[in-house]
Amino acid sequence: MSNIPETGRTTRVTVRLVALQILVFSLLLTLGGRLWYLQIRNGDEYTAEAANNHVQQVVHPAVRGSILDARGVPLADNETRLVVSASRTELMKLPDDGKAVLTRLADVLGMKPKDVMDKVRLCDAKTPQPCWNGSPYQPIPITDEASAKQALQIREREEDFPGISAEPTAVRRYAAPAGSNAAQVLGYLSPVTDEQIKEAEHTKSPLLRSDQVGSNGLERQYDSQLRGKAGVTRYEVDNLGRVIGQRESQRARPGDNVVTSIDSRVQAVAEKELDQAMKEARTQFDKNTGTNYKADSGAVVVMEAKTGRVVAMASNPTYDPNAWVGGISGKDYKKLTGKNSNYPLLNRAIQGQAAPGSIFKVVPTTAAVNAGYSFNGPYACTSSFNIGSQVFKNFESENYGGISLGRALEVSCDTVFYRIAYDEWKKDGGNKPKKHPDDWFYKTAHQFGLGKETGIDLPNEVTGRVPDRQWKKDYWKANKDAWCKSGKKDGNYGQRIAYENCLEGMKMRAGDSVNYSIGQGDTLVTPIQMATIYAAISNGGTLYDPTLGKAIVSPDGKDVQEIKPTSHGKLPMSRALRAQVDSALAGVATRGTAAWRFQGWPQDKIPMHAKTGTAEVYGKQTTSWFATYTKDYSIVMTISQGGTGSGASGPAVRKIYNALYGVDAKGNIDQKKALLPKPQAGLPKISSDGSIEAQPLGKQFETTARERRRGTHS
């Protein structure tokens, strides 16, 4: 028997019941408050989120706009192909991550299983191409060349191919009209990356995960206009994924068309002549190295002199841009980027830097006159020029006696420029420069637009280099430790140079100024820079921003935004000096170093102006340069390790002019054979339905449909 009184037990039970009631009430109160918070306070927000969780969207890609030449002929457009794609998301749901499915797919497509699997793996820092660089949630194209029979097999056996689709899709095509290639000008497309999506979030052209974007050339430069805007249809689905209604949709807007200043016929000729010139150079013997010239790369630019518009731009080695369509293979990617590829993806017209040699001499000629030297001279053109024990020789040790600056341009006399550069170096203080040196030769180069971008509407243009005093100081600071470590006073040539640079690499030495005066030493230029300069001499002195885009045309043709020429400065020449330089450059083509390449040219009807350049490069064979202009065009060609300017590049440039003006070997002009005797005026005709009517190329430039698809060119 318990000794606790009955009243005590009742009290304790009562207390427990009260505590339990309070606990239950508190829980109910908390639950009610939470329900109020979720349903009343934040009800709209969570309702929207819940709805979104049950909305699926279907993206309808926009048709990408075309890139057209100046006559309206497509350089890049679209064609419908059967595209087989794989959904990585669906494949990852399978027990073997979809390996069996991809193996069966490879068998149907006639591909190797490994090649198919490589295409669906995701790219990272350690994964070699091919791999998928786009979003892992969008379909990954396996091939864009599926046959109707292959597509039918896949669609009829859907249970064997989960996550695999075969659909007709608009695919990019690089048409190669007239046999032109223009790969580096056009660029190519690649899948959008997460980083690009993030960067474009707050722009006028946001990106979707299904988008493809331009990765180089005009495709990249005008990507936002060409891409258009994808359409999106949103469906409301239940928890089982069944569609229960359609919410809203946005129609796709096709991309705009870009009309360029490129003439595909001239482009084809420029590519062919550059390639042929390089092949011919490789047959020529280089007495300095005891081997034939390597002629390993080159570039050519054809520019309208009065506008800066680019009519043709070729870079060699080149590639087929169609190789990127539908995803590039590992084999092709290695060919384009491997150590032995010689990097065909580079556009050497805007990214190839080299010492310019004597085509640079229009700069020191202008600098000398602006510094107070008489254009008429006379100046001693001796076979060599000495600074202390160092001997600087004239090309092939020629001696022309006392001549003018104009004659020095004609015969490309180095020693005239050596002397003037050395005198200016001494006036500026020599090894102990005055506080504010005049630096006429360097200042003038900057005024010509060298050492900076021209502003061409292509990505990744390089600046070249003007090795002035500031550059010398910066370069010395960056390299002095390595020079001081490897340099030896009595070592080999390289060690002695390193030793000298360690001690006084920050100084502007006499040898630096002398070499610079003839476009040697540390000076670097690009073909597009020199084409711009020679076009400016032709047009009276205006330095135009080079452009390829001529107009942006909306899909319906109603909105046409013309891209008008713009200038980034004037040549630092008086009208009188420009006329004198113009006359001297005409003399180069008639009685100077380029005369043998323009024999029979109709000089009285189409005055030709030229300058040859042969630049020495340490450890390599000489670089060939040939810079020219008429009243209509400037053409600049360069061939790395190609020999002399007139020897390697000269014949090719002459043939391009022959094609432009319809000139035969005897100097007769046939207007019917002239491709472009005057720059293309205006824009191609735009029809009321928005289509652009292309002018015919001519029978001599016809290509088969198969050749156009493959992008082959002669």
# chains A, B, ... in the order shown; residues from 1 in each chain; ligands from 1
$ residues_around --residues "segment 492-507 of chain A" --least-positions-apart "3" --cutoff "6 Å" --atoms "only C-alpha atoms" --output "tab-separated table (two decimals) with N, CA, C and O atoms, in the first residue's frame"
chain	number	residue	atom	x	y	z
A	472	LYS	N	61.58	49.94	-74.41
A	472	LYS	CA	62.90	49.43	-74.03
A	472	LYS	C	63.00	49.26	-72.52
A	472	LYS	O	63.48	48.23	-72.02
A	473	LYS	N	62.54	50.25	-71.78
A	473	LYS	CA	62.60	50.19	-70.31
A	473	LYS	C	61.73	49.07	-69.77
A	473	LYS	O	62.15	48.31	-68.89
A	476	TRP	N	63.23	45.66	-70.59
A	476	TRP	CA	64.42	45.38	-69.77
A	476	TRP	C	64.02	44.94	-68.36
A	476	TRP	O	64.57	43.97	-67.82
A	480	LYS	N	65.52	41.42	-67.35
A	480	LYS	CA	66.89	41.64	-66.87
A	480	LYS	C	67.42	40.48	-66.04
A	480	LYS	O	68.60	40.12	-66.14
A	483	TRP	N	68.52	37.73	-68.38
A	483	TRP	CA	69.71	38.15	-69.12
A	483	TRP	C	70.96	38.09	-68.24
A	483	TRP	O	72.00	37.59	-68.67
A	484	CYS	N	70.84	38.63	-67.06
A	484	CYS	CA	72.00	38.67	-66.16
A	484	CYS	C	72.45	37.27	-65.75
A	484	CYS	O	73.63	37.02	-65.51
A	487	GLY	N	73.87	35.63	-69.38
A	487	GLY	CA	74.82	36.37	-70.18
A	487	GLY	C	76.28	36.12	-69.80
A	487	GLY	O	76.62	35.93	-68.64
A	488	LYS	N	77.14	36.10	-70.81
A	488	LYS	CA	78.58	35.96	-70.61
A	488	LYS	C	79.31	36.90	-71.56
A	488	LYS	O	79.01	36.96	-72.75
A	489	LYS	N	80.29	37.62	-71.02
A	489	LYS	CA	81.03	38.60	-71.80
A	489	LYS	C	81.78	37.96	-72.96
A	489	LYS	O	81.85	38.51	-74.06
$ residues_around --residues "Phe626 of chain A" --least-positions-apart "4" --cutoff "6 Å" --atoms "only C-alpha atoms" --output "CSV table (one decimal) with N, CA, C and O atoms, in the first residue's frame"
chain,number,residue,atom,x,y,z
A,612,THR,N,59.0,47.3,-101.9
A,612,THR,CA,59.4,46.0,-101.5
A,612,THR,C,60.0,45.9,-100.1
A,612,THR,O,60.5,46.9,-99.7
A,636,VAL,N,48.7,44.3,-99.7
A,636,VAL,CA,49.9,44.0,-99.0
A,636,VAL,C,50.0,42.5,-98.8
A,636,VAL,O,49.0,41.9,-98.4
A,637,MET,N,51.1,41.9,-99.2
A,637,MET,CA,51.3,40.5,-99.0
A,637,MET,C,52.6,40.2,-98.2
A,637,MET,O,53.6,41.0,-98.4
A,645,GLY,N,61.1,40.5,-101.1
A,645,GLY,CA,59.8,41.0,-101.3
A,645,GLY,C,59.3,40.8,-102.7
A,645,GLY,O,58.3,40.3,-103.0
A,649,SER,N,56.7,37.5,-103.1
A,649,SER,CA,55.3,38.1,-103.0
A,649,SER,C,54.9,38.9,-104.3
A,649,SER,O,53.8,39.0,-104.6
$ select_by_dssp --residues "segment 228-300 of chain A" --states "helix (DSSP H, G or I)" --output "VMD selection string"
chain A and resid 264 to 281
$ select_by_dssp --residues "segment 58-102 of chain A" --states "strand (DSSP E or B)" --output "PyMOL selection string"
chain A and resi 58-60+67-68+74-86
$ residues_around --residues "segment 376-380 of chain A" --least-positions-apart "5" --cutoff "12 Å" --atoms "only C-alpha atoms" --output "number ranges by chain"
A: 365, 368-369, 385, 394, 398-409, 413-420, 577, 580-581, 584
$ write_last_selection --atoms "N, CA and C atoms" --output "mmCIF file, in the first residue's frame"
data_model
loop_
_atom_site.group_PDB
_atom_site.id
_atom_site.type_symbol
_atom_site.label_atom_id
_atom_site.label_comp_id
_atom_site.auth_asym_id
_atom_site.auth_seq_id
_atom_site.Cartn_x
_atom_site.Cartn_y
_atom_site.Cartn_z
ATOM 1 N N THR A 365 61.025 58.183 -93.747
ATOM 2 C CA THR A 365 61.068 59.272 -94.730
ATOM 3 C C THR A 365 60.255 60.454 -94.227
ATOM 4 N N ALA A 368 61.975 62.064 -91.160
ATOM 5 C CA ALA A 368 63.139 62.886 -91.515
ATOM 6 C C ALA A 368 62.707 64.267 -91.993
ATOM 7 N N VAL A 369 61.710 64.312 -92.884
ATOM 8 C CA VAL A 369 61.244 65.599 -93.406
ATOM 9 C C VAL A 369 60.627 66.436 -92.286
ATOM 10 N N PHE A 385 77.732 51.505 -93.726
ATOM 11 C CA PHE A 385 77.787 52.612 -92.766
ATOM 12 C C PHE A 385 78.336 52.054 -91.457
ATOM 13 N N ASN A 394 74.489 48.111 -96.824
ATOM 14 C CA ASN A 394 73.360 48.352 -97.709
ATOM 15 C C ASN A 394 72.969 47.019 -98.349
ATOM 16 N N GLU A 398 75.037 47.834 -102.522
ATOM 17 C CA GLU A 398 74.926 48.786 -103.633
ATOM 18 C C GLU A 398 75.398 50.178 -103.205
ATOM 19 N N ASN A 399 75.925 50.959 -104.138
ATOM 20 C CA ASN A 399 76.369 52.326 -103.896
ATOM 21 C C ASN A 399 75.804 53.210 -105.004
ATOM 22 N N TYR A 400 74.884 54.110 -104.626
ATOM 23 C CA TYR A 400 74.229 54.964 -105.616
ATOM 24 C C TYR A 400 74.691 56.416 -105.542
ATOM 25 N N GLY A 401 75.664 56.722 -104.685
ATOM 26 C CA GLY A 401 76.153 58.096 -104.572
ATOM 27 C C GLY A 401 75.163 58.983 -103.846
ATOM 28 N N GLY A 402 75.173 60.294 -104.163
ATOM 29 C CA GLY A 402 74.270 61.244 -103.518
ATOM 30 C C GLY A 402 72.890 61.210 -104.140
ATOM 31 N N ILE A 403 71.863 60.898 -103.338
ATOM 32 C CA ILE A 403 70.496 60.755 -103.861
ATOM 33 C C ILE A 403 69.491 61.440 -102.935
ATOM 34 N N SER A 404 68.259 61.607 -103.408
ATOM 35 C CA SER A 404 67.170 62.176 -102.605
ATOM 36 C C SER A 404 66.502 61.076 -101.779
ATOM 37 N N LEU A 405 65.644 61.491 -100.857
ATOM 38 C CA LEU A 405 64.875 60.502 -100.089
ATOM 39 C C LEU A 405 63.944 59.723 -101.014
ATOM 40 N N GLY A 406 63.426 60.389 -102.053
ATOM 41 C CA GLY A 406 62.569 59.699 -103.010
ATOM 42 C C GLY A 406 63.309 58.596 -103.733
ATOM 43 N N ARG A 407 64.533 58.888 -104.170
ATOM 44 C CA ARG A 407 65.335 57.865 -104.843
ATOM 45 C C ARG A 407 65.733 56.772 -103.863
ATOM 46 N N ALA A 408 65.939 57.137 -102.596
ATOM 47 C CA ALA A 408 66.269 56.137 -101.572
ATOM 48 C C ALA A 408 65.117 55.146 -101.393
ATOM 49 N N LEU A 409 63.867 55.639 -101.539
ATOM 50 C CA LEU A 409 62.719 54.729 -101.496
ATOM 51 C C LEU A 409 62.710 53.838 -102.732
ATOM 52 N N CYS A 413 67.557 52.177 -100.496
ATOM 53 C CA CYS A 413 68.902 52.386 -99.951
ATOM 54 C C CYS A 413 68.852 52.471 -98.426
ATOM 55 N N ASP A 414 69.464 51.504 -97.758
ATOM 56 C CA ASP A 414 69.464 51.462 -96.298
ATOM 57 C C ASP A 414 70.354 52.533 -95.680
ATOM 58 N N THR A 415 71.513 52.770 -96.272
ATOM 59 C CA THR A 415 72.504 53.619 -95.610
ATOM 60 C C THR A 415 72.046 55.070 -95.499
ATOM 61 N N VAL A 416 71.173 55.531 -96.394
ATOM 62 C CA VAL A 416 70.609 56.879 -96.268
ATOM 63 C C VAL A 416 69.845 56.995 -94.954
ATOM 64 N N PHE A 417 69.048 56.000 -94.661
ATOM 65 C CA PHE A 417 68.246 56.036 -93.439
ATOM 66 C C PHE A 417 69.099 55.769 -92.199
ATOM 67 N N TYR A 418 70.129 54.934 -92.342
ATOM 68 C CA TYR A 418 71.058 54.717 -91.228
ATOM 69 C C TYR A 418 71.634 56.052 -90.750
ATOM 70 N N ARG A 419 72.122 56.854 -91.698
ATOM 71 C CA ARG A 419 72.807 58.105 -91.348
ATOM 72 C C ARG A 419 71.865 59.087 -90.659
ATOM 73 N N ILE A 420 70.662 59.234 -91.229
ATOM 74 C CA ILE A 420 69.711 60.182 -90.635
ATOM 75 C C ILE A 420 69.304 59.716 -89.239
ATOM 76 N N LEU A 577 54.547 66.734 -99.150
ATOM 77 C CA LEU A 577 55.322 65.531 -98.861
ATOM 78 C C LEU A 577 54.595 64.288 -99.357
ATOM 79 N N GLN A 580 55.223 63.883 -102.925
ATOM 80 C CA GLN A 580 56.596 63.440 -103.197
ATOM 81 C C GLN A 580 56.755 61.942 -102.920
ATOM 82 N N VAL A 581 56.192 61.486 -101.805
ATOM 83 C CA VAL A 581 56.249 60.055 -101.481
ATOM 84 C C VAL A 581 55.472 59.254 -102.517
ATOM 85 N N ALA A 584 57.562 58.883 -105.549
ATOM 86 C CA ALA A 584 58.667 57.941 -105.333
ATOM 87 C C ALA A 584 58.179 56.499 -105.379
#
$ atom_distance --atom1 "atom CA of Leu585 of chain A" --atom2 "atom CA of Lys611 of chain A"
6.4 Å
$ residues_around --residues "Glu195 of chain A" --least-positions-apart "2" --cutoff "12 Å" --atoms "only C-alpha atoms" --output "list of chain:residue names"
A:Asn133, A:Gly134, A:Ser135, A:Pro191, A:Val192, A:Thr193, A:Ile197, A:Lys198, A:Glu199, A:Ala200, A:Glu201, A:Leu207, A:Leu208, A:Arg209
$ closest_residue --among "A:Gln276, A:Asn386, A:Asn288, A:Gln520" --to "Val617 of chain A" --atoms "only C-alpha atoms"
A:Gln520
$ residues_around --residues "segment 535-539 of chain A" --least-positions-apart "6" --cutoff "7 Å" --atoms "only C-alpha atoms" --output "list of chain:residue names"
A:Ala305, A:Lys306, A:Arg578, A:Tyr629, A:Thr630, A:Lys631, A:Tyr633, A:Ser634
$ residues_around --residues "Ala615 of chain A" --least-positions-apart "6" --cutoff "8 Å" --atoms "only C-alpha atoms" --output "list in words"
Ala355, Pro356, Gly357, Ser358, Gly519, Gln520, Thr622, Thr623, Ser624 and Trp625 of chain A
$ write_last_selection --atoms "N, CA and C atoms" --output "tab-separated table (two decimals), in the first residue's frame"
chain	number	residue	atom	x	y	z
A	355	ALA	N	58.87	41.77	-88.44
A	355	ALA	CA	59.60	42.98	-88.84
A	355	ALA	C	59.21	43.32	-90.27
A	356	PRO	N	58.94	44.59	-90.58
A	356	PRO	CA	58.43	44.95	-91.91
A	356	PRO	C	59.49	45.14	-92.97
A	357	GLY	N	60.76	45.28	-92.57
A	357	GLY	CA	61.77	45.55	-93.57
A	357	GLY	C	61.52	46.88	-94.26
A	358	SER	N	61.84	46.97	-95.53
A	358	SER	CA	61.85	48.26	-96.23
A	358	SER	C	60.48	48.84	-96.55
A	519	GLY	N	63.11	49.28	-90.58
A	519	GLY	CA	62.10	48.27	-90.27
A	519	GLY	C	62.64	46.97	-89.76
A	520	GLN	N	63.80	47.02	-89.09
A	520	GLN	CA	64.40	45.81	-88.53
A	520	GLN	C	64.43	45.91	-87.01
A	622	THR	N	64.58	35.00	-94.34
A	622	THR	CA	64.01	36.33	-94.45
A	622	THR	C	62.51	36.30	-94.74
A	623	THR	N	61.84	37.37	-94.26
A	623	THR	CA	60.40	37.53	-94.48
A	623	THR	C	60.19	38.41	-95.71
A	624	SER	N	59.35	37.94	-96.61
A	624	SER	CA	59.03	38.67	-97.84
A	624	SER	C	57.83	39.59	-97.61
A	625	TRP	N	57.99	40.88	-98.00
A	625	TRP	CA	56.89	41.85	-97.93
A	625	TRP	C	56.75	42.54	-99.29
$ residues_around --residues "Thr127 of chain A" --least-positions-apart "6" --cutoff "12 Å" --atoms "only C-alpha atoms" --output "number ranges by chain"
A: 118-121, 133, 330
$ closest_residue --among "A:Lys114, A:Lys335, A:Arg81, A:Lys550" --to "Val258 of chain A" --atoms "only C-alpha atoms"
A:Lys550
$ atom_distance --atom1 "atom CA of Ser26 of chain A" --atom2 "atom CA of Thr10 of chain A"
24.4 Å
$ closest_residue --among "A:Pro555, A:Gly549, A:Gly643, A:Gly667" --to "Val311 of chain A" --atoms "only C-alpha atoms"
A:Gly549
$ closest_residue --among "A:Gly179, A:Pro61, A:Gly32, A:Pro344" --to "Leu697 of chain A" --atoms "only C-alpha atoms"
A:Gly179
$ atom_distance --atom1 "atom CA of Val213 of chain A" --atom2 "atom CA of Leu226 of chain A"
9.3 Å
